[in-house]
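Everything below concerns the one structure shown next.
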Amino acid sequence: MAVYMFTYHAYRSWMPDNRRGYVRRKKGIQPPDPRMAENYRRRARHAAVHFDDELCESIIDAARGVCRRKNWRCHADVAVWSHFHVVVSWRQFVDARRARTVLRRAITVELRDRQNQRRPWLSRGESTKRVRDRRHLDHLVKTYLPTHRRYGGKQWSEGADAK
């Protein structure tokens, strides 16, 4: 069984001037760069996205809906103002990149329909992490994802409605 955690960021929520640095495709983590952040802001065609509680709940519902329709197992998800994580598995062969794209599209459609706005909701370059084993899965679901509560938002996991 394949288990993955996908991470998606809200459009323009993680800018290069972030105090923790930022990620450049194919270059990895970079130190904070205010000049690059200003360049990003000048080129942006839309305002930054921040997920409120209603949108966080929509994200979680959309992710769980995709999993039900595809016969995938949604182990947990969490959505906060700037990003969300979805931990999902499947028994039949599914390319992880394809699964990531299916989730992204469904969530984008949900956000677009909910807000009646066609615009970029998510940044490019979402993360795909393979869950190594049961211990890793338990750590993600019971320890890592719950730490996001400090940011507000919404959370769901199997067996416990943590919203």
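Here's how to read the names in the structure tokens: chain A, B, ... by the order shown, residue numbers from 1 in each chain, ligand numbers from 1 in the order shown.
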
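Near Val131 (chain A), within 7 Å and counting only C-alpha atoms, sit Val3, Tyr4, Met5, Lys129, Asp133, His136 and Leu137 of chain A, not including residues fewer than 2 positions from it in the same chain.
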
Notebook entry, point to check: Near Ala63 (chain A), counting only C-alpha atoms, which residues have an atom at most 10 Å away, once you skip same-chain residues fewer than 6 positions from it, shown as a ChimeraX atom specification?
Noted result: /A:57,74,76-77,85-88,102-104,106-107,110

Next item on the list: Based on DSSP run over this structure's backbone, return all residues of region 40-119 of chain A in strand (DSSP E), as a list in words.
Entry: Arg73, Cys74, His75, Ala76, Asp77, Val78, Ala79, His83, Phe84, His85, Val86, Val87, Val88, Ser89 and Trp90 of chain A

Next item on the list: Using CA of Asn116 (chain A) and CA of Val80 (chain A) as the two end points, give the distance in Å to one decimal.
Entry: 20.7 Å

Notebook entry, point to check: Could you name the residues that touch Arg124 (chain A) at 9 Å or less, counting only C-alpha atoms, but leaving out those on the same chain fewer than 3 positions away, as number ranges by chain?
Noted result: A: 8-9, 11

Next item on the list: Using CA of Met1 (chain A) and CA of Phe93 (chain A) as the two end points, give the distance in Å to one decimal.
Entry: 8.7 Å

Margin query: Run DSSP on the backbone and tell me which residues of region 11-125 of chain A come out as helix (DSSP H, G or I); list them as a PyMOL selection string.
Written below: chain A and resi 34-43+53-70+96-115
